[in-house]
$ cat run-v6.txt   # compact mmCIF, N, CA and C atoms
# COMPACT_ATOMS: atom_id res chain seq x y z
N MET A 1 56.74 88.33 122.70
CA MET A 1 55.90 87.62 121.75
C MET A 1 56.38 87.92 120.35
N SER A 2 56.39 86.93 119.51
CA SER A 2 56.85 87.13 118.14
C SER A 2 55.70 86.93 117.16
N ILE A 3 56.00 87.22 115.92
CA ILE A 3 55.01 87.10 114.85
C ILE A 3 55.59 86.13 113.83
N LYS A 4 54.75 85.34 113.21
CA LYS A 4 55.20 84.34 112.24
C LYS A 4 54.94 84.83 110.83
N GLU A 5 55.88 84.50 109.95
CA GLU A 5 55.75 84.85 108.54
C GLU A 5 55.88 83.58 107.74
N GLY A 6 54.91 83.33 106.87
CA GLY A 6 54.94 82.14 106.04
C GLY A 6 54.49 82.47 104.63
N PRO A 7 54.32 81.44 103.80
CA PRO A 7 53.90 81.67 102.41
C PRO A 7 52.56 82.39 102.30
N GLU A 8 51.71 82.22 103.30
CA GLU A 8 50.40 82.87 103.27
C GLU A 8 50.43 84.28 103.83
N GLY A 9 51.59 84.73 104.31
CA GLY A 9 51.72 86.09 104.82
C GLY A 9 52.03 86.11 106.30
N LEU A 10 51.65 87.18 106.98
CA LEU A 10 51.90 87.33 108.41
C LEU A 10 50.80 86.64 109.20
N THR A 11 51.20 85.89 110.23
CA THR A 11 50.24 85.34 111.17
C THR A 11 50.04 86.37 112.25
N MET A 12 48.82 86.85 112.37
CA MET A 12 48.52 87.93 113.30
C MET A 12 48.50 87.43 114.73
N CYS A 13 49.14 88.18 115.59
CA CYS A 13 49.01 87.96 117.01
C CYS A 13 48.01 88.98 117.54
N ASP A 14 47.62 88.83 118.78
CA ASP A 14 46.62 89.74 119.36
C ASP A 14 47.08 91.20 119.32
N ARG A 15 48.36 91.44 119.55
CA ARG A 15 48.87 92.81 119.57
C ARG A 15 48.66 93.49 118.22
N LEU A 16 48.91 92.76 117.14
CA LEU A 16 48.74 93.35 115.81
C LEU A 16 47.25 93.44 115.45
N MET A 17 46.48 92.44 115.84
CA MET A 17 45.04 92.48 115.58
C MET A 17 44.39 93.66 116.30
N ASN A 18 44.85 93.97 117.50
CA ASN A 18 44.26 95.05 118.30
C ASN A 18 44.71 96.44 117.87
N LEU A 19 45.73 96.54 117.03
CA LEU A 19 46.17 97.83 116.51
C LEU A 19 45.13 98.31 115.50
N GLN A 20 44.43 99.38 115.81
CA GLN A 20 43.39 99.90 114.90
C GLN A 20 44.00 100.55 113.67
N ALA A 21 44.94 101.45 113.91
CA ALA A 21 45.60 102.16 112.81
C ALA A 21 46.97 102.59 113.29
N GLY A 22 47.98 102.34 112.45
CA GLY A 22 49.33 102.76 112.79
C GLY A 22 50.36 101.85 112.17
N TRP A 23 51.62 102.20 112.39
CA TRP A 23 52.71 101.41 111.84
C TRP A 23 53.07 100.28 112.79
N PHE A 24 53.72 99.27 112.22
CA PHE A 24 54.28 98.19 113.03
C PHE A 24 55.57 97.73 112.37
N VAL A 25 56.41 97.12 113.17
CA VAL A 25 57.71 96.64 112.72
C VAL A 25 57.86 95.19 113.13
N VAL A 26 58.33 94.36 112.21
CA VAL A 26 58.77 93.01 112.54
C VAL A 26 60.28 93.02 112.38
N TYR A 27 60.97 92.73 113.48
CA TYR A 27 62.43 92.70 113.45
C TYR A 27 62.92 91.39 112.83
N LYS A 28 64.19 91.36 112.48
CA LYS A 28 64.79 90.18 111.86
C LYS A 28 64.68 88.94 112.74
N ASP A 29 64.59 89.12 114.07
CA ASP A 29 64.45 87.98 114.97
C ASP A 29 63.00 87.55 115.16
N GLY A 30 62.06 88.21 114.44
CA GLY A 30 60.65 87.85 114.49
C GLY A 30 59.83 88.58 115.52
N THR A 31 60.43 89.40 116.35
CA THR A 31 59.67 90.13 117.36
C THR A 31 58.95 91.31 116.72
N LEU A 32 57.90 91.74 117.38
CA LEU A 32 57.00 92.77 116.86
C LEU A 32 57.04 94.00 117.75
N ALA A 33 56.99 95.17 117.13
CA ALA A 33 56.82 96.44 117.84
C ALA A 33 55.74 97.22 117.10
N THR A 34 54.83 97.85 117.84
CA THR A 34 53.76 98.63 117.22
C THR A 34 53.83 100.08 117.67
N GLU A 35 53.15 100.92 116.91
CA GLU A 35 53.09 102.35 117.20
C GLU A 35 52.53 102.61 118.60
N ASP A 36 51.62 101.76 119.05
CA ASP A 36 51.04 101.93 120.38
C ASP A 36 52.03 101.64 121.50
N GLU A 37 53.10 100.90 121.20
CA GLU A 37 54.01 100.43 122.24
C GLU A 37 55.34 101.17 122.31
N VAL A 38 55.81 101.70 121.19
CA VAL A 38 57.15 102.27 121.15
C VAL A 38 57.17 103.49 120.23
N HIS A 39 57.98 104.47 120.61
CA HIS A 39 58.15 105.67 119.78
C HIS A 39 59.08 105.32 118.62
N TRP A 40 58.85 105.89 117.45
CA TRP A 40 59.64 105.59 116.26
C TRP A 40 61.14 105.83 116.51
N ASP A 41 61.48 106.82 117.33
CA ASP A 41 62.89 107.11 117.62
C ASP A 41 63.59 105.94 118.31
N LYS A 42 62.83 105.08 118.99
CA LYS A 42 63.39 103.94 119.73
C LYS A 42 63.45 102.66 118.89
N VAL A 43 62.89 102.69 117.68
CA VAL A 43 62.90 101.51 116.81
C VAL A 43 64.32 101.28 116.31
N LYS A 44 64.78 100.02 116.36
CA LYS A 44 66.10 99.65 115.87
C LYS A 44 66.02 99.48 114.35
N LYS A 45 66.24 100.59 113.63
CA LYS A 45 66.04 100.61 112.17
C LYS A 45 66.88 99.57 111.43
N GLY A 46 68.10 99.32 111.88
CA GLY A 46 68.98 98.37 111.22
C GLY A 46 68.54 96.92 111.39
N GLN A 47 67.59 96.68 112.30
CA GLN A 47 67.11 95.32 112.56
C GLN A 47 65.73 95.05 111.96
N ILE A 48 65.17 96.01 111.22
CA ILE A 48 63.82 95.85 110.66
C ILE A 48 63.85 94.89 109.47
N LYS A 49 62.96 93.91 109.52
CA LYS A 49 62.74 93.03 108.37
C LYS A 49 61.51 93.48 107.59
N ILE A 50 60.44 93.85 108.34
CA ILE A 50 59.19 94.29 107.72
C ILE A 50 58.72 95.56 108.42
N LEU A 51 58.38 96.57 107.62
CA LEU A 51 57.70 97.76 108.13
C LEU A 51 56.32 97.74 107.51
N GLY A 52 55.31 97.84 108.34
CA GLY A 52 53.94 97.79 107.84
C GLY A 52 53.10 98.90 108.41
N ILE A 53 51.97 99.09 107.78
CA ILE A 53 50.99 100.05 108.29
C ILE A 53 49.64 99.35 108.24
N LYS A 54 48.89 99.50 109.32
CA LYS A 54 47.58 98.86 109.43
C LYS A 54 46.54 99.96 109.57
N TRP A 55 45.44 99.78 108.88
CA TRP A 55 44.30 100.69 109.00
C TRP A 55 43.07 99.79 109.07
N HIS A 56 42.59 99.58 110.27
CA HIS A 56 41.44 98.71 110.56
C HIS A 56 41.65 97.33 109.95
N ASP A 57 40.96 96.96 108.90
CA ASP A 57 41.11 95.61 108.34
C ASP A 57 42.06 95.57 107.14
N LYS A 58 42.75 96.66 106.85
CA LYS A 58 43.69 96.72 105.73
C LYS A 58 45.12 96.79 106.26
N MET A 59 46.05 96.23 105.47
CA MET A 59 47.44 96.25 105.89
C MET A 59 48.34 96.26 104.66
N TRP A 60 49.42 97.08 104.73
CA TRP A 60 50.42 97.15 103.68
C TRP A 60 51.77 96.93 104.33
N THR A 61 52.67 96.22 103.65
CA THR A 61 53.98 95.94 104.21
C THR A 61 55.09 96.20 103.20
N ILE A 62 56.25 96.55 103.73
CA ILE A 62 57.47 96.72 102.95
C ILE A 62 58.50 95.79 103.60
N ARG A 63 59.21 95.04 102.77
CA ARG A 63 60.14 94.04 103.30
C ARG A 63 61.57 94.26 102.81
N ASP A 64 62.48 93.88 103.68
CA ASP A 64 63.89 93.73 103.34
C ASP A 64 64.52 94.96 102.68
N LYS A 65 64.27 96.13 103.22
CA LYS A 65 64.94 97.37 102.77
C LYS A 65 65.96 97.77 103.83
N THR A 66 66.72 98.81 103.58
CA THR A 66 67.73 99.21 104.56
C THR A 66 67.52 100.61 105.13
N ALA A 67 66.80 101.47 104.44
CA ALA A 67 66.56 102.83 104.92
C ALA A 67 65.05 103.08 104.97
N TRP A 68 64.53 103.26 106.16
CA TRP A 68 63.08 103.34 106.38
C TRP A 68 62.64 104.74 106.75
N VAL A 69 61.36 105.03 106.50
CA VAL A 69 60.78 106.31 106.91
C VAL A 69 59.34 106.06 107.36
N GLN A 70 58.92 106.81 108.36
CA GLN A 70 57.55 106.75 108.88
C GLN A 70 57.19 108.14 109.34
N PHE A 71 56.00 108.61 108.99
CA PHE A 71 55.54 109.91 109.47
C PHE A 71 54.03 110.01 109.31
N LYS A 72 53.47 111.04 109.92
CA LYS A 72 52.04 111.33 109.81
C LYS A 72 51.89 112.78 109.35
N ARG A 73 50.78 113.05 108.69
CA ARG A 73 50.43 114.42 108.34
C ARG A 73 49.10 114.71 109.01
N GLY A 74 48.97 115.92 109.55
CA GLY A 74 47.76 116.25 110.25
C GLY A 74 47.36 117.70 110.03
N SER A 75 46.26 118.07 110.65
CA SER A 75 45.78 119.44 110.56
C SER A 75 45.19 119.86 111.90
N VAL A 76 45.17 121.17 112.11
CA VAL A 76 44.58 121.75 113.30
C VAL A 76 43.68 122.88 112.85
N ALA A 77 42.49 122.92 113.38
CA ALA A 77 41.56 124.00 113.03
C ALA A 77 42.11 125.33 113.56
N PHE A 78 41.96 126.37 112.78
CA PHE A 78 42.40 127.71 113.18
C PHE A 78 41.35 128.34 114.07
N SER A 79 41.80 128.94 115.15
CA SER A 79 40.88 129.57 116.08
C SER A 79 41.26 131.02 116.33
N THR A 80 40.33 131.93 116.10
CA THR A 80 40.57 133.35 116.41
C THR A 80 40.18 133.67 117.84
N THR A 81 39.53 132.71 118.52
CA THR A 81 39.06 132.94 119.89
C THR A 81 40.00 132.35 120.93
N GLY A 82 41.06 131.72 120.51
CA GLY A 82 42.03 131.16 121.46
C GLY A 82 41.70 129.74 121.91
N ILE A 83 40.69 129.14 121.31
CA ILE A 83 40.34 127.77 121.66
C ILE A 83 41.41 126.84 121.08
N ASN A 84 41.90 125.92 121.90
CA ASN A 84 42.89 124.94 121.44
C ASN A 84 42.16 123.72 120.89
N TYR A 85 42.39 123.44 119.64
CA TYR A 85 41.81 122.26 119.00
C TYR A 85 42.85 121.15 118.94
N ASP A 86 42.38 119.91 118.92
CA ASP A 86 43.28 118.77 118.79
C ASP A 86 43.78 118.65 117.36
N VAL A 87 44.94 118.02 117.22
CA VAL A 87 45.48 117.73 115.90
C VAL A 87 44.69 116.56 115.32
N ASP A 88 44.25 116.69 114.08
CA ASP A 88 43.54 115.64 113.38
C ASP A 88 44.52 114.95 112.43
N CYS A 89 44.77 113.67 112.63
CA CYS A 89 45.66 112.92 111.75
C CYS A 89 44.94 112.70 110.42
N GLU A 90 45.52 113.24 109.36
CA GLU A 90 44.93 113.13 108.02
C GLU A 90 45.50 111.95 107.24
N GLU A 91 46.78 111.65 107.47
CA GLU A 91 47.47 110.68 106.64
C GLU A 91 48.57 109.99 107.45
N ARG A 92 48.65 108.67 107.31
CA ARG A 92 49.72 107.87 107.92
C ARG A 92 50.60 107.36 106.79
N CYS A 93 51.91 107.48 106.94
CA CYS A 93 52.81 107.14 105.85
C CYS A 93 53.96 106.27 106.32
N ILE A 94 54.32 105.29 105.48
CA ILE A 94 55.54 104.52 105.66
C ILE A 94 56.27 104.52 104.33
N GLY A 95 57.56 104.24 104.37
CA GLY A 95 58.28 104.20 103.11
C GLY A 95 59.72 103.80 103.30
N TYR A 96 60.46 103.94 102.22
CA TYR A 96 61.87 103.57 102.23
C TYR A 96 62.59 104.34 101.12
N TYR A 97 63.89 104.34 101.21
CA TYR A 97 64.73 104.98 100.20
C TYR A 97 65.26 103.92 99.25
N GLU A 98 65.20 104.21 97.97
CA GLU A 98 65.73 103.33 96.93
C GLU A 98 66.60 104.20 96.05
N GLY A 99 67.93 104.13 96.25
CA GLY A 99 68.83 105.03 95.54
C GLY A 99 68.57 106.46 95.97
N SER A 100 68.33 107.33 95.01
CA SER A 100 68.04 108.73 95.34
C SER A 100 66.53 109.01 95.45
N SER A 101 65.70 107.96 95.31
CA SER A 101 64.25 108.12 95.39
C SER A 101 63.72 107.71 96.76
N LYS A 102 62.62 108.33 97.15
CA LYS A 102 61.91 107.95 98.36
C LYS A 102 60.55 107.40 97.92
N ILE A 103 60.24 106.17 98.32
CA ILE A 103 58.97 105.53 97.98
C ILE A 103 58.10 105.58 99.24
N ILE A 104 56.94 106.21 99.11
CA ILE A 104 56.05 106.44 100.25
C ILE A 104 54.70 105.78 99.99
N TYR A 105 54.19 105.07 101.01
CA TYR A 105 52.82 104.55 100.98
C TYR A 105 52.01 105.50 101.85
N ARG A 106 51.10 106.25 101.25
CA ARG A 106 50.28 107.22 101.98
C ARG A 106 48.88 106.65 102.18
N VAL A 107 48.48 106.52 103.45
CA VAL A 107 47.16 105.97 103.77
C VAL A 107 46.31 107.08 104.38
N ASN A 108 45.20 107.38 103.70
CA ASN A 108 44.25 108.38 104.20
C ASN A 108 43.66 107.86 105.50
N ASN A 109 43.81 108.60 106.58
CA ASN A 109 43.36 108.14 107.89
C ASN A 109 41.84 108.15 108.04
N HIS A 110 41.12 108.77 107.12
CA HIS A 110 39.66 108.81 107.20
C HIS A 110 39.01 107.75 106.32
N THR A 111 39.63 107.43 105.18
CA THR A 111 39.03 106.49 104.23
C THR A 111 39.77 105.16 104.12
N GLY A 112 41.04 105.13 104.50
CA GLY A 112 41.84 103.92 104.37
C GLY A 112 42.39 103.70 102.96
N LYS A 113 42.20 104.66 102.09
CA LYS A 113 42.72 104.52 100.74
C LYS A 113 44.24 104.76 100.76
N MET A 114 44.99 103.84 100.12
CA MET A 114 46.44 103.95 100.05
C MET A 114 46.85 104.40 98.67
N VAL A 115 47.77 105.37 98.63
CA VAL A 115 48.31 105.86 97.36
C VAL A 115 49.83 105.80 97.47
N PRO A 116 50.49 105.03 96.57
CA PRO A 116 51.96 105.02 96.58
C PRO A 116 52.49 106.26 95.85
N GLU A 117 53.65 106.71 96.28
CA GLU A 117 54.23 107.90 95.67
C GLU A 117 55.75 107.74 95.62
N VAL A 118 56.34 108.12 94.51
CA VAL A 118 57.80 108.12 94.37
C VAL A 118 58.25 109.57 94.31
N LEU A 119 59.14 109.94 95.21
CA LEU A 119 59.64 111.32 95.28
C LEU A 119 61.09 111.38 94.84
$ encode --input "run-v6.txt" --output "structure tokens"
Amino acid sequence: MSIKEGPEGLTMCDRLMNLQAGWFVVYKDGTLATEDEVHWDKVKKGQIKILGIKWHDKMWTIRDKTAWVQFKRGSVAFSTTGINYDVDCEERCIGYYEGSSKIIYRVNNHTGKMVPEVL
């Protein structure tokens, strides 16, 4: 299944609509891959046309770059009793390299607020 891109933006397919929070990729041939379906290591980075991040009803996209980055930041509660706690995803990030700079879109996983950052 592919995704359509037009003057009004991306035409959502069910797969993208059903993604609650996470990254997605639209390849140059129009096909879609989401975080729920494929591990980032398996994404064909040289074929990416659009890298996006979705958080419920919000979405941010980066287009037509050549060097991409995606990562998450999380936290784990400290336990002195040996209880294993789950990792809590605090932030979902996508970005790209522009010359010697890294441009990152940081989305707070609890509030959905996006903050761009140049490193």
$ atom_distance --input "run-v6.txt" --atom1 "CA of Gly112 (chain A)" --atom2 "CA of Arg63 (chain A)"
20.8 Å
$ residues_around --input "run-v6.txt" --residues "region 68-72 of chain A" --least-positions-apart "5" --cutoff "10 Å" --atoms "only C-alpha atoms" --output "list in words"
Gly22, Trp23, Trp40, Lys45, Gly46, Ile48, Ile50, Leu51, Gly52, Ile53, Ile62, Cys89, Glu90, Glu91, Arg92, Cys93, Ile94, Gly95, Tyr96, Tyr97, Glu98, Lys102, Ile103, Ile104, Tyr105, Arg106, Val107 and Asn109 of chain A
$ write_last_selection --input "run-v6.txt" --atoms "N, CA and C atoms" --output "compact mmCIF listing (two decimals), keeping the file's coordinate frame"
# COMPACT_ATOMS: atom_id res chain seq x y z
N GLY A 22 47.98 102.34 112.45
CA GLY A 22 49.33 102.76 112.79
C GLY A 22 50.36 101.85 112.17
N TRP A 23 51.62 102.20 112.39
CA TRP A 23 52.71 101.41 111.84
C TRP A 23 53.07 100.28 112.79
N TRP A 40 58.85 105.89 117.45
CA TRP A 40 59.64 105.59 116.26
C TRP A 40 61.14 105.83 116.51
N LYS A 45 66.24 100.59 113.63
CA LYS A 45 66.04 100.61 112.17
C LYS A 45 66.88 99.57 111.43
N GLY A 46 68.10 99.32 111.88
CA GLY A 46 68.98 98.37 111.22
C GLY A 46 68.54 96.92 111.39
N ILE A 48 65.17 96.01 111.22
CA ILE A 48 63.82 95.85 110.66
C ILE A 48 63.85 94.89 109.47
N ILE A 50 60.44 93.85 108.34
CA ILE A 50 59.19 94.29 107.72
C ILE A 50 58.72 95.56 108.42
N LEU A 51 58.38 96.57 107.62
CA LEU A 51 57.70 97.76 108.13
C LEU A 51 56.32 97.74 107.51
N GLY A 52 55.31 97.84 108.34
CA GLY A 52 53.94 97.79 107.84
C GLY A 52 53.10 98.90 108.41
N ILE A 53 51.97 99.09 107.78
CA ILE A 53 50.99 100.05 108.29
C ILE A 53 49.64 99.35 108.24
N ILE A 62 56.25 96.55 103.73
CA ILE A 62 57.47 96.72 102.95
C ILE A 62 58.50 95.79 103.60
N CYS A 89 44.77 113.67 112.63
CA CYS A 89 45.66 112.92 111.75
C CYS A 89 44.94 112.70 110.42
N GLU A 90 45.52 113.24 109.36
CA GLU A 90 44.93 113.13 108.02
C GLU A 90 45.50 111.95 107.24
N GLU A 91 46.78 111.65 107.47
CA GLU A 91 47.47 110.68 106.64
C GLU A 91 48.57 109.99 107.45
N ARG A 92 48.65 108.67 107.31
CA ARG A 92 49.72 107.87 107.92
C ARG A 92 50.60 107.36 106.79
N CYS A 93 51.91 107.48 106.94
CA CYS A 93 52.81 107.14 105.85
C CYS A 93 53.96 106.27 106.32
N ILE A 94 54.32 105.29 105.48
CA ILE A 94 55.54 104.52 105.66
C ILE A 94 56.27 104.52 104.33
N GLY A 95 57.56 104.24 104.37
CA GLY A 95 58.28 104.20 103.11
C GLY A 95 59.72 103.80 103.30
N TYR A 96 60.46 103.94 102.22
CA TYR A 96 61.87 103.57 102.23
C TYR A 96 62.59 104.34 101.12
N TYR A 97 63.89 104.34 101.21
CA TYR A 97 64.73 104.98 100.20
C TYR A 97 65.26 103.92 99.25
N GLU A 98 65.20 104.21 97.97
CA GLU A 98 65.73 103.33 96.93
C GLU A 98 66.60 104.20 96.05
N LYS A 102 62.62 108.33 97.15
CA LYS A 102 61.91 107.95 98.36
C LYS A 102 60.55 107.40 97.92
N ILE A 103 60.24 106.17 98.32
CA ILE A 103 58.97 105.53 97.98
C ILE A 103 58.10 105.58 99.24
N ILE A 104 56.94 106.21 99.11
CA ILE A 104 56.05 106.44 100.25
C ILE A 104 54.70 105.78 99.99
N TYR A 105 54.19 105.07 101.01
CA TYR A 105 52.82 104.55 100.98
C TYR A 105 52.01 105.50 101.85
N ARG A 106 51.10 106.25 101.25
CA ARG A 106 50.28 107.22 101.98
C ARG A 106 48.88 106.65 102.18
N VAL A 107 48.48 106.52 103.45
CA VAL A 107 47.16 105.97 103.77
C VAL A 107 46.31 107.08 104.38
N ASN A 109 43.81 108.60 106.58
CA ASN A 109 43.36 108.14 107.89
C ASN A 109 41.84 108.15 108.04
$ select_by_dssp --input "run-v6.txt" --residues "region 34-98 of chain A" --states "helix (DSSP H, G or I)" --output "JSON, numbers by chain"
{"A": [40, 41, 42, 45, 46, 47]}
$ closest_residue --input "run-v6.txt" --among "A:Lys65, A:His110, A:Lys49, A:Arg73" --to "Gly30 (chain A)" --atoms "all atoms listed in the file"
A:Lys49
$ atom_distance --input "run-v6.txt" --atom1 "CA of Lys54 (chain A)" --atom2 "atom N of Tyr85 (chain A)"
27.1 Å
$ closest_residue --input "run-v6.txt" --among "A:Asp36, A:Asn84, A:Ala77, A:Val118" --to "Phe24 (chain A)" --atoms "only N, CA and C atoms"
A:Asp36
$ closest_residue --input "run-v6.txt" --among "A:Asn108, A:Lys58, A:Lys44, A:Thr66" --to "Gln20 (chain A)" --atoms "only N, CA and C atoms"
A:Lys58
$ select_by_dssp --input "run-v6.txt" --residues "chain A" --states "strand (DSSP E)" --output "count of residues only"
62
$ atom_distance --input "run-v6.txt" --atom1 "CA of Asp14 (chain A)" --atom2 "atom C of Thr111 (chain A)"
22.7 Å
